[in-house]
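J.: Handing over work.txt, compact mmCIF, C-alpha atoms and all ligand atoms.
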# COMPACT_ATOMS: atom_id res chain seq x y z
CA MET A 1 19.10 -13.18 -31.64
CA LYS A 2 18.34 -9.50 -32.14
CA PHE A 3 20.94 -7.36 -33.94
CA LYS A 4 21.44 -3.74 -33.20
CA GLU A 5 23.40 -1.21 -35.22
CA THR A 6 26.27 0.24 -33.26
CA HIS A 7 28.01 2.56 -35.71
CA PRO A 8 26.49 5.80 -36.99
CA ARG A 9 28.29 5.90 -40.34
CA LYS A 10 26.18 5.32 -43.40
CA VAL A 11 26.96 4.42 -46.97
CA ARG A 12 25.05 6.67 -49.41
CA GLY A 13 22.71 7.55 -46.60
CA GLU A 14 21.74 3.98 -45.90
CA SER A 15 23.02 1.31 -43.61
CA VAL A 16 24.76 -1.43 -45.47
CA HIS A 17 24.17 -5.13 -45.27
CA MET A 18 20.59 -5.03 -44.23
CA THR A 19 18.27 -7.69 -45.35
CA LYS A 20 15.08 -6.70 -47.13
CA GLU A 21 13.08 -7.57 -44.01
CA GLU A 22 15.32 -5.45 -41.78
CA LYS A 23 14.98 -2.48 -44.12
CA MET A 24 11.20 -2.80 -44.15
CA GLU A 25 11.17 -2.95 -40.39
CA GLU A 26 13.38 0.13 -40.10
CA LEU A 27 11.15 2.12 -42.45
CA THR A 28 8.03 1.21 -40.49
CA ILE A 29 9.63 2.23 -37.21
CA LYS A 30 10.93 5.53 -38.61
CA GLY A 31 7.49 6.41 -39.93
CA SER A 32 5.70 5.82 -36.67
CA GLN A 33 8.28 6.90 -34.11
CA LEU A 34 7.47 9.89 -31.93
CA GLN A 35 10.58 11.72 -30.88
CA VAL A 36 10.62 12.59 -27.19
CA THR A 37 13.44 13.47 -24.88
CA ILE A 38 13.17 11.39 -21.80
CA SER A 39 14.46 12.81 -18.59
CA LYS A 40 14.52 9.94 -16.15
CA ASP A 41 14.87 11.93 -12.99
CA GLU A 42 12.65 14.94 -13.34
CA PRO A 43 9.01 14.24 -12.70
CA GLU A 44 6.73 17.13 -13.58
CA LEU A 45 3.16 18.15 -12.95
CA ASN A 46 0.61 17.59 -15.68
CA ASN A 47 -2.47 19.76 -16.31
CA SER A 48 -4.48 18.19 -13.53
CA GLY A 49 -1.72 18.83 -11.02
CA GLN A 50 -0.88 15.12 -10.77
CA LEU A 51 2.69 13.96 -10.64
CA HIS A 52 3.70 12.82 -14.05
CA ASP A 53 6.90 12.43 -15.91
CA LEU A 54 7.84 11.47 -19.39
CA ARG A 55 8.05 7.90 -18.31
CA GLY A 56 4.29 8.21 -17.89
CA ASN A 57 3.50 4.65 -18.86
CA GLU A 58 6.14 3.25 -16.57
CA LEU A 59 4.89 5.28 -13.63
CA GLU A 60 1.28 4.44 -14.36
CA SER A 61 1.99 0.76 -14.32
CA VAL A 62 3.97 1.12 -11.11
CA GLU A 63 1.13 3.02 -9.49
CA ALA A 64 -1.43 0.52 -10.70
CA ALA A 65 0.55 -2.23 -9.02
CA TYR A 66 0.52 -0.51 -5.65
CA LEU A 67 -2.74 1.46 -5.71
CA VAL A 68 -4.68 1.25 -2.51
CA PRO A 69 -8.13 -0.30 -2.57
CA ASP A 70 -11.06 2.06 -2.90
CA ASN A 71 -13.14 2.76 0.17
CA ASN A 72 -16.15 4.47 -1.33
CA ASN A 73 -18.26 3.95 1.78
CA PHE A 74 -15.97 5.97 4.02
CA ILE A 75 -17.84 7.79 6.79
CA ASP A 76 -16.45 11.06 8.04
CA THR A 77 -18.20 11.82 11.33
CA PRO A 78 -16.77 14.34 13.85
CA ASP A 79 -14.74 11.68 15.72
CA VAL A 80 -13.29 10.35 12.47
CA LYS A 81 -12.51 13.92 11.37
CA LYS A 82 -10.76 14.62 14.67
CA LEU A 83 -8.42 11.68 14.16
CA ASP A 84 -7.88 12.65 10.53
CA GLU A 85 -6.90 16.16 11.61
CA ARG A 86 -4.44 14.83 14.19
CA ILE A 87 -2.81 12.64 11.56
CA ARG A 88 -2.58 15.54 9.10
CA LEU A 89 -1.10 17.82 11.75
CA TRP A 90 1.79 15.45 12.41
CA LEU A 91 2.32 14.70 8.75
CA LYS A 92 2.56 18.44 8.15
CA THR A 93 5.39 18.64 10.67
CA GLY A 94 7.25 16.01 8.61
CA HIS A 95 6.78 13.17 11.08
CA PRO A 96 5.54 9.73 10.10
CA VAL A 97 2.34 8.77 11.89
CA HIS A 98 1.70 5.41 13.53
CA LEU A 99 -1.95 4.43 14.05
CA ILE A 100 -2.25 1.88 16.78
CA GLY A 101 -5.46 0.23 17.95
CA PRO A 102 -7.42 -2.98 18.51
CA THR A 103 -8.53 -5.35 15.74
CA GLY A 104 -11.17 -3.99 13.41
CA CYS A 105 -11.39 -0.49 14.90
CA GLY A 106 -10.82 1.20 11.52
CA LYS A 107 -7.04 1.83 11.40
CA THR A 108 -6.42 0.75 7.82
CA SER A 109 -9.50 2.52 6.47
CA LEU A 110 -8.53 5.77 8.17
CA ALA A 111 -4.88 5.53 7.07
CA MET A 112 -5.96 5.00 3.45
CA HIS A 113 -8.54 7.75 3.63
CA THR A 114 -6.17 10.36 5.08
CA ALA A 115 -3.42 9.32 2.68
CA LYS A 116 -5.69 9.76 -0.33
CA GLU A 117 -6.98 13.08 0.92
CA LEU A 118 -3.43 14.48 0.89
CA GLY A 119 -3.75 14.58 -2.88
CA ARG A 120 -0.54 12.72 -3.70
CA PRO A 121 -0.43 9.23 -5.20
CA VAL A 122 -0.57 6.56 -2.53
CA VAL A 123 1.48 3.37 -2.37
CA TRP A 124 1.02 0.73 0.26
CA ILE A 125 2.74 -2.24 1.79
CA ASN A 126 1.34 -4.92 4.07
CA GLY A 127 3.80 -6.03 6.71
CA ASP A 128 4.31 -9.70 7.46
CA GLU A 129 6.93 -12.17 8.59
CA SER A 130 8.25 -12.77 5.08
CA VAL A 131 8.67 -9.10 4.07
CA THR A 132 12.32 -8.24 3.41
CA THR A 133 14.15 -4.97 2.83
CA THR A 134 14.09 -5.81 -0.88
CA ASP A 135 10.29 -5.97 -0.76
CA LEU A 136 10.34 -2.43 0.62
CA ILE A 137 12.98 -0.78 -1.55
CA GLY A 138 13.30 -2.95 -4.64
CA GLY A 139 16.17 -4.84 -6.18
CA TYR A 140 17.74 -6.23 -9.28
CA SER A 141 14.96 -8.27 -10.74
CA GLN A 142 16.79 -9.72 -13.71
CA ILE A 143 19.82 -9.45 -15.89
CA GLU A 144 19.14 -8.22 -19.37
CA GLN A 145 21.35 -9.70 -22.06
CA GLU A 146 21.77 -7.84 -25.33
CA SER A 147 23.72 -9.09 -28.34
CA LEU A 148 25.26 -6.48 -30.62
CA ARG A 149 26.55 -7.03 -34.12
CA ASP A 150 28.55 -4.37 -35.90
CA LYS A 151 27.80 -4.51 -39.61
CA TYR A 152 29.60 -1.35 -40.64
CA ILE A 153 32.31 -2.75 -42.87
CA HIS A 154 31.51 -5.35 -45.43
CA ASN A 155 32.49 -8.79 -44.28
CA VAL A 156 33.64 -7.55 -40.91
CA PHE A 157 31.44 -8.52 -38.03
CA LYS A 158 31.93 -7.70 -34.45
CA SER A 159 29.67 -9.08 -31.83
CA SER A 160 29.49 -8.53 -28.13
CA ASP A 161 27.17 -9.35 -25.27
CA ILE A 162 26.13 -6.67 -22.83
CA LEU A 163 24.77 -7.67 -19.45
CA LYS A 164 22.64 -5.02 -17.75
CA ALA A 165 21.20 -5.45 -14.30
CA ASP A 166 17.59 -4.31 -14.25
CA TRP A 167 16.63 -2.48 -11.05
CA ILE A 168 12.97 -2.41 -10.01
CA ASP A 169 11.78 0.06 -7.37
CA ASN A 170 9.40 -1.20 -4.72
CA PRO A 171 6.85 0.98 -2.84
CA LEU A 172 9.19 2.62 -0.30
CA ALA A 173 11.70 3.67 -2.98
CA ILE A 174 8.90 4.93 -5.23
CA ALA A 175 7.33 6.95 -2.43
CA CYS A 176 10.71 8.43 -1.38
CA LYS A 177 11.75 9.30 -4.95
CA TYR A 178 8.55 10.92 -6.13
CA GLY A 179 7.08 12.23 -2.90
CA TYR A 180 4.19 9.83 -2.69
CA THR A 181 2.32 8.91 0.47
CA LEU A 182 3.25 5.52 1.86
CA VAL A 183 0.78 3.47 3.89
CA TYR A 184 2.64 0.71 5.68
CA ASN A 185 -0.10 -1.48 7.07
CA GLU A 186 0.69 -3.78 10.04
CA PHE A 187 4.36 -2.75 9.90
CA SER A 188 5.11 -4.49 13.23
CA ARG A 189 4.50 -7.90 11.63
CA THR A 190 7.65 -7.42 9.57
CA LYS A 191 10.98 -8.45 11.09
CA PRO A 192 12.63 -5.36 12.65
CA SER A 193 15.83 -5.91 10.62
CA ALA A 194 13.86 -5.53 7.36
CA ASN A 195 12.40 -2.25 8.63
CA ASN A 196 15.82 -0.81 9.53
CA VAL A 197 15.95 0.97 6.20
CA LEU A 198 13.18 3.26 7.50
CA LEU A 199 15.38 4.74 10.22
CA SER A 200 17.41 7.03 7.94
CA VAL A 201 14.35 7.76 5.77
CA PHE A 202 12.53 9.19 8.80
CA GLU A 203 15.49 10.87 10.47
CA GLU A 204 18.05 11.96 7.87
CA LYS A 205 15.57 11.93 4.97
CA ILE A 206 17.86 9.64 3.03
CA LEU A 207 16.96 6.25 1.64
CA GLU A 208 19.90 3.93 1.41
CA LEU A 209 19.71 1.18 -1.19
CA PRO A 210 22.14 -1.35 0.30
CA THR A 211 22.58 -3.36 -2.89
CA LYS A 212 23.53 -0.36 -5.02
CA PHE A 213 26.94 1.25 -5.31
CA GLY A 214 28.36 4.76 -5.51
CA GLU A 215 26.04 7.72 -5.92
CA GLU A 216 23.10 5.48 -6.72
CA ARG A 217 23.23 4.04 -3.24
CA TYR A 218 21.55 7.06 -1.67
CA ILE A 219 18.25 8.70 -2.54
CA GLN A 220 17.34 12.07 -1.10
CA VAL A 221 13.79 11.69 0.18
CA HIS A 222 11.38 13.94 -1.75
CA PRO A 223 9.96 16.76 0.44
CA ASP A 224 6.38 15.61 -0.25
CA PHE A 225 7.04 12.09 1.02
CA LYS A 226 4.72 11.14 3.90
CA ALA A 227 4.22 7.90 5.77
CA ILE A 228 1.33 6.46 7.77
CA LEU A 229 1.97 3.17 9.55
CA THR A 230 -0.56 0.99 11.32
CA SER A 231 -0.23 -1.74 13.88
CA ASN A 232 -2.50 -3.77 16.10
CA SER A 233 -2.29 -3.11 19.83
CA ILE A 234 -3.65 -6.58 20.62
CA GLU A 235 -0.92 -8.27 18.62
CA TYR A 236 2.02 -6.62 20.32
CA ALA A 237 2.76 -9.62 22.49
CA GLY A 238 2.80 -12.03 19.56
CA VAL A 239 4.59 -10.16 16.80
CA HIS A 240 8.07 -8.67 16.57
CA LYS A 241 8.53 -5.91 18.99
CA PRO A 242 9.35 -3.04 16.65
CA GLN A 243 12.75 -1.72 17.54
CA ASP A 244 12.77 1.24 19.87
CA ALA A 245 14.69 3.39 17.41
CA LEU A 246 11.91 3.08 14.85
CA LEU A 247 9.11 3.71 17.35
CA ASP A 248 11.06 6.70 18.57
CA ARG A 249 10.81 8.29 15.13
CA LEU A 250 7.04 7.85 14.88
CA VAL A 251 4.24 9.92 16.30
CA SER A 252 1.75 7.37 17.61
CA ILE A 253 -1.97 7.98 17.66
CA TYR A 254 -3.93 5.48 19.71
CA MET A 255 -7.26 4.66 18.10
CA ASP A 256 -10.02 3.02 20.05
CA TYR A 257 -13.34 1.76 18.71
CA TYR A 258 -15.43 4.58 17.26
CA SER A 259 -18.37 6.08 19.14
CA PHE A 260 -21.81 4.46 18.98
CA ASN A 261 -23.09 7.02 16.46
CA THR A 262 -20.11 6.64 14.15
CA GLU A 263 -20.37 2.87 14.17
CA VAL A 264 -24.08 3.15 13.37
CA LYS A 265 -23.27 5.38 10.39
CA ILE A 266 -20.52 3.01 9.22
CA VAL A 267 -22.83 -0.03 9.35
CA GLN A 268 -25.53 1.95 7.52
CA ALA A 269 -23.00 2.82 4.83
CA HIS A 270 -22.11 -0.83 4.33
CA THR A 271 -25.65 -2.25 4.46
CA ASP A 272 -29.06 -0.87 3.58
CA LEU A 273 -30.64 -1.80 6.89
CA PRO A 274 -33.17 0.42 8.67
CA LEU A 275 -31.74 2.53 11.46
CA HIS A 276 -33.38 0.58 14.32
CA ASP A 277 -31.77 -2.69 13.11
CA VAL A 278 -28.36 -1.03 12.84
CA LYS A 279 -28.67 0.40 16.35
CA LYS A 280 -29.57 -3.07 17.64
CA ILE A 281 -26.44 -4.53 16.05
CA VAL A 282 -24.09 -1.89 17.39
CA SER A 283 -25.63 -2.16 20.89
CA VAL A 284 -25.08 -5.94 20.99
CA VAL A 285 -21.50 -5.67 19.73
CA THR A 286 -20.70 -2.85 22.17
CA SER A 287 -22.12 -4.89 25.03
CA LEU A 288 -19.95 -7.91 24.15
CA ARG A 289 -16.93 -5.66 23.75
CA GLU A 290 -17.34 -4.56 27.35
CA LYS A 291 -17.45 -8.14 28.63
CA LEU A 292 -14.95 -10.06 26.49
CA PRO A 293 -11.16 -10.04 26.98
CA ASP A 294 -9.14 -7.73 24.69
CA ALA A 295 -8.10 -10.41 22.20
CA GLN A 296 -11.72 -11.42 21.64
CA LYS A 297 -13.40 -8.05 21.49
CA PRO A 298 -15.45 -7.68 18.30
CA GLY A 299 -14.62 -4.63 16.16
CA THR A 300 -16.54 -2.53 13.66
CA ARG A 301 -15.96 -5.29 11.10
CA ALA A 302 -18.13 -7.60 13.25
CA CYS A 303 -20.94 -5.01 13.24
CA ILE A 304 -20.79 -4.84 9.43
CA MET A 305 -20.77 -8.64 9.14
CA ILE A 306 -23.84 -8.97 11.34
CA GLY A 307 -25.52 -6.24 9.31
CA LYS A 308 -24.80 -8.05 6.05
CA GLY A 309 -26.04 -11.33 7.55
CA LEU A 310 -29.23 -9.69 8.71
CA ALA A 311 -29.82 -7.99 5.37
CA ALA A 312 -29.33 -11.30 3.56
CA SER A 313 -31.53 -13.35 5.89
CA ASN A 314 -35.19 -13.87 5.15
CA GLY A 315 -36.21 -14.06 8.74
CA SER A 316 -36.54 -10.94 10.85
CA GLY A 317 -37.29 -12.51 14.25
CA ASN A 318 -35.04 -12.26 17.28
CA ALA A 319 -34.05 -15.93 16.91
CA ASP A 320 -32.49 -15.22 13.51
CA PHE A 321 -30.78 -12.09 14.78
CA GLU A 322 -29.39 -14.01 17.75
CA GLN A 323 -28.02 -16.79 15.53
CA ILE A 324 -26.39 -14.30 13.16
CA CYS A 325 -24.74 -12.51 16.08
CA ILE A 326 -23.50 -15.80 17.54
CA ASP A 327 -22.05 -16.94 14.21
CA VAL A 328 -20.08 -13.71 13.90
CA MET A 329 -18.96 -13.68 17.54
CA ALA A 330 -17.89 -17.34 17.44
CA THR A 331 -14.93 -16.49 15.24
CA LYS A 332 -12.32 -16.45 18.01
CA THR A 333 -13.86 -19.26 20.05
CA ASN A 334 -11.66 -22.19 20.91
CA SER A 335 -13.93 -24.47 22.95
CA ARG A 336 -17.57 -25.40 23.44
CA ILE A 337 -17.59 -23.72 26.85
CA ASP A 338 -16.26 -20.58 25.28
CA LEU A 339 -19.03 -20.68 22.68
CA MET A 340 -21.72 -21.22 25.33
CA GLU A 341 -20.39 -18.24 27.23
CA LYS A 342 -20.64 -16.08 24.10
CA GLN A 343 -24.16 -17.36 23.37
CA LYS A 344 -25.14 -16.34 26.86
CA LEU A 345 -23.68 -12.88 26.43
CA VAL A 346 -25.44 -12.39 23.09
CA LYS A 347 -28.79 -13.50 24.59
CA GLU A 348 -28.36 -11.10 27.51
CA ALA A 349 -27.42 -8.23 25.21
CA ILE A 350 -30.47 -8.82 23.01
CA LEU A 351 -32.74 -9.05 26.06
CA ALA A 352 -31.34 -5.78 27.35
CA LEU A 353 -32.48 -4.08 24.13
CA LYS A 354 -36.13 -4.45 24.99
N1 LIG B 1 -14.74 5.56 8.66
C1 LIG B 1 -15.18 4.43 8.10
N2 LIG B 1 -16.13 4.48 7.12
C2 LIG B 1 -16.61 3.36 6.55
N3 LIG B 1 -16.21 2.14 6.88
C3 LIG B 1 -15.27 2.00 7.84
C4 LIG B 1 -14.73 3.14 8.50
N4 LIG B 1 -13.82 2.72 9.40
C5 LIG B 1 -13.82 1.40 9.32
N5 LIG B 1 -14.69 0.95 8.40
C6 LIG B 1 -14.98 -0.45 8.05
O1 LIG B 1 -14.81 -1.22 9.24
C7 LIG B 1 -14.11 -2.43 8.96
C8 LIG B 1 -12.85 -2.49 9.80
O2 LIG B 1 -12.01 -1.42 9.44
P1 LIG B 1 -10.44 -1.60 9.20
O3 LIG B 1 -10.17 -2.80 8.35
O4 LIG B 1 -9.94 -0.29 8.73
O5 LIG B 1 -9.97 -1.88 10.67
P2 LIG B 1 -8.50 -2.23 11.19
O6 LIG B 1 -8.38 -1.56 12.50
O7 LIG B 1 -7.51 -1.92 10.16
O8 LIG B 1 -8.66 -3.79 11.38
P3 LIG B 1 -7.46 -4.88 11.58
O9 LIG B 1 -6.92 -4.66 12.95
O10 LIG B 1 -8.18 -6.20 11.47
O11 LIG B 1 -6.49 -4.65 10.50
C9 LIG B 1 -13.86 -2.45 7.47
O12 LIG B 1 -14.85 -3.23 6.85
C10 LIG B 1 -14.00 -1.00 7.06
O13 LIG B 1 -14.49 -0.89 5.74
MG MG B 2 -6.10 -3.16 9.21
Mind converting the file's structure to structure tokens?
T.:
Amino acid sequence: MKFKETHPRKVRGESVHMTKEEKMEELTIKGSQLQVTISKDEPELNNSGQLHDLRGNELESVEAAYLVPDNNNFIDTPDVKKLDERIRLWLKTGHPVHLIGPTGCGKTSLAMHTAKELGRPVVWINGDESVTTTDLIGGYSQIEQESLRDKYIHNVFKSSDILKADWIDNPLAIACKYGYTLVYNEFSRTKPSANNVLLSVFEEKILELPTKFGEERYIQVHPDFKAILTSNSIEYAGVHKPQDALLDRLVSIYMDYYSFNTEVKIVQAHTDLPLHDVKKIVSVVTSLREKLPDAQKPGTRACIMIGKGLAASNGSGNADFEQICIDVMATKTNSRIDLMEKQKLVKEAILALK
């Protein structure tokens, strides 16, 4: 049990009834303690212009927990820039932006890139079936129990237990409070009821914390708060249909696969292959994209995978290239006939290169 002094009165300048060990401990703490006034609610800018408050360590650890992954290989060609500018335009108007597009076309990478470029800290959430409102806003993580013992008068002891609920903010609450940029990836995979909390954030600029009471229940959304959401156009039939009210509050930008030149540059950035090999890869993938149904179309990710396979393979003949392409394309194949069909398409696409 840990005892804590509760009365300020001292006897001859010293607390009474302390054991030798307690006195030693108190002296050590006094000697090393740095006195700071902590203002919990007023974040300020540090020298480098970054958001910082006197709870620096706390914020740092929160940010570290939600930091977005680095995308050092990001390629910014004119068609990527155009999309980036459209996203920024709508964010500037205060609207959240929804990037929608087929699998592997570059939605998440672009959302992260634009979010980072805004210069504010970025927090992110990945939507899925099990995400709840608590995962978005936070909640009472634990109850802290503290035992107090009043040692002020000799032989008189008073003890009491204090129970304090410990609230932990999750990414949405952090972003709303401090004006961070939120990337909510695949938001449509989350149950619409869990996303309801976003409605007032986007419209009235108020975040309601349903499990809190009184004044603490409402947070005024920071003016720098921005949100970029992504969802997969192919998945719409299978996942929760996001409620109309939420979609109505979002500006949606439809992203298709990037142009041939951009995809070539992206694959080059992810592999060290010579240009003619990269062009071959993108041509084959583009050709299959034109022939396969939507749910099976290969994205930019497939181009990168083929590139990595080719770079790692010792062989450089067409047979190796064909096998690598087939292995990558076979990912959404559910029967032998399906596979044979894809093999045929890959062969034809490679033949057409000559
Ligand atoms: N502009 C870019 N620069 C560099 N790499 C990129 C770029 N855009 C996409 N990529 C790469 O292409 C691949 C697919 O991109 P990303 O994961 O962003 O697509 P997505 O649309 O979010 O896919 P999914 O629908 O599966 O979530 C990733 O490996 C990513 O690194
Ligand atoms: Mg994605």
J.: Which chain A residues have any atom within 7 Å of an atom of ligand MG 2 (chain B), and for each, what is the nearest pair of atoms with distance in Å to one decimal, counting all atoms listed in the file, rows sorted by chain and number, as CSV?
T.:
residue,atom,partner,partner_atom,distance
A:Gly104,CA,B:MG2,MG,6.6
A:Gly106,CA,B:MG2,MG,6.8
A:Lys107,CA,B:MG2,MG,5.5
A:Thr108,CA,B:MG2,MG,4.2
A:Asn185,CA,B:MG2,MG,6.6
A:Glu186,CA,B:MG2,MG,6.9
J.: Around (-20.5, 13.0, 8.7), as given in the file, which residues come within 12 Å? Count all atoms listed in the file and list them as an MDAnalysis selection string.
T.: chainID A and resid 73:82 261:266 269
J.: Export, as a PDB file, in the coordinates of the input, the selected residues with C-alpha atoms.
T.:
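Saved result, out-v2.pdb, follows:
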ATOM      1  CA  ASN A  73     -18.260   3.950   1.780  1.00  0.00           C
ATOM      2  CA  PHE A  74     -15.970   5.970   4.020  1.00  0.00           C
ATOM      3  CA  ILE A  75     -17.840   7.790   6.790  1.00  0.00           C
ATOM      4  CA  ASP A  76     -16.450  11.060   8.040  1.00  0.00           C
ATOM      5  CA  THR A  77     -18.200  11.820  11.330  1.00  0.00           C
ATOM      6  CA  PRO A  78     -16.770  14.340  13.850  1.00  0.00           C
ATOM      7  CA  ASP A  79     -14.740  11.680  15.720  1.00  0.00           C
ATOM      8  CA  VAL A  80     -13.290  10.350  12.470  1.00  0.00           C
ATOM      9  CA  LYS A  81     -12.510  13.920  11.370  1.00  0.00           C
ATOM     10  CA  LYS A  82     -10.760  14.620  14.670  1.00  0.00           C
ATOM     11  CA  ASN A 261     -23.090   7.020  16.460  1.00  0.00           C
ATOM     12  CA  THR A 262     -20.110   6.640  14.150  1.00  0.00           C
ATOM     13  CA  GLU A 263     -20.370   2.870  14.170  1.00  0.00           C
ATOM     14  CA  VAL A 264     -24.080   3.150  13.370  1.00  0.00           C
ATOM     15  CA  LYS A 265     -23.270   5.380  10.390  1.00  0.00           C
ATOM     16  CA  ILE A 266     -20.520   3.010   9.220  1.00  0.00           C
ATOM     17  CA  ALA A 269     -23.000   2.820   4.830  1.00  0.00           C
TER      18      ALA A 269
END
J.: How many Å lie between atom CA of Leu275 of chain A and atom CA of Cys105 of chain A, rounded to one decimal?
T.: 20.9 Å
J.: Nearest to ligand LIG 1 (chain B) among A:Ser141, A:Asn195, A:Thr134, A:Thr271, with distances taken over all atoms listed in the file: which residue is it?
T.: A:Thr271
J.: Considering all atoms listed in the file, can you say which of A:Val201, A:Ile206, A:Leu292, A:Ile281 comes closest to Lys332 of chain A?
T.: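 Looking only at the distances to Lys332 of chain A, the closest residue turns out to be A:Leu292.
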J.: Have a look at A:Pro96, A:Gly127, A:Pro121, A:Gly214 and name the one nearest to ligand LIG 1 (chain B); count all atoms listed in the file.
T.: A:Gly127
J.: Taking all atoms listed in the file into account, which of A:Gln296, A:Thr93, A:Ser287, A:Ser160 comes nearest ligand LIG 1 (chain B)?
T.: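 Of A:Gln296, A:Thr93, A:Ser287, A:Ser160, the one nearest ligand LIG 1 (chain B), counting all atoms listed in the file, is A:Gln296.
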J.: Name all residues at most 9 Å from Val285 of chain A (count only C-alpha atoms; drop same-chain ones fewer than 6 positions away) and give them as a ChimeraX atom specification.
T.: /A:297-300,302-303,325,329,346,349
J.: Which one is closest to ligand LIG 1 (chain B): A:Phe225, A:Phe202, A:Phe213, A:Tyr184? Count only C-alpha atoms and all ligand atoms.
T.: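 For ligand LIG 1 (chain B), the nearest of the given residues is A:Tyr184.
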J.: Quick one: of A:Gln243, A:Asn334, A:Thr133, A:Ser233, who's nearest to ligand LIG 1 (chain B), counting all atoms listed in the file?
T.: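 Closest to ligand LIG 1 (chain B) of all the choices is A:Ser233.
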J.: Report the distance between atom N1 of ligand LIG 1 (chain B) and atom CA of His113 of chain A in Å, rounded to one decimal place.
T.: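 Straight-line distance from atom N1 of ligand LIG 1 (chain B) to atom CA of His113 of chain A works out to 8.3 Å.
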J.: Interatomic distance between atom CA of Leu207 of chain A and atom CA of Ile219 of chain A?
T.: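 Atom CA of Ile219 of chain A lies 5.0 Å from atom CA of Leu207 of chain A.
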J.: Got a sec: who's within 8 Å of Val278 of chain A, counting all atoms listed in the file, leaving out chain neighbours fewer than 2 positions off, as a list in words?
T.: Val264, Val267, Gln268, Leu273, Pro274, Leu275, His276, Lys280, Ile281, Val282 and Gly307 of chain A
J.: Can you sort out the box for segment 198-213 of chain A, edges along x, y and z, all listed atoms in, 5 Å on every side, with centre and edge lengths in Å to one decimal, as lines of an AutoDock Vina configuration file?
T.:
center_x = 19.7
center_y = 4.3
center_z = 2.6
size_x = 24.4
size_y = 25.3
size_z = 25.8
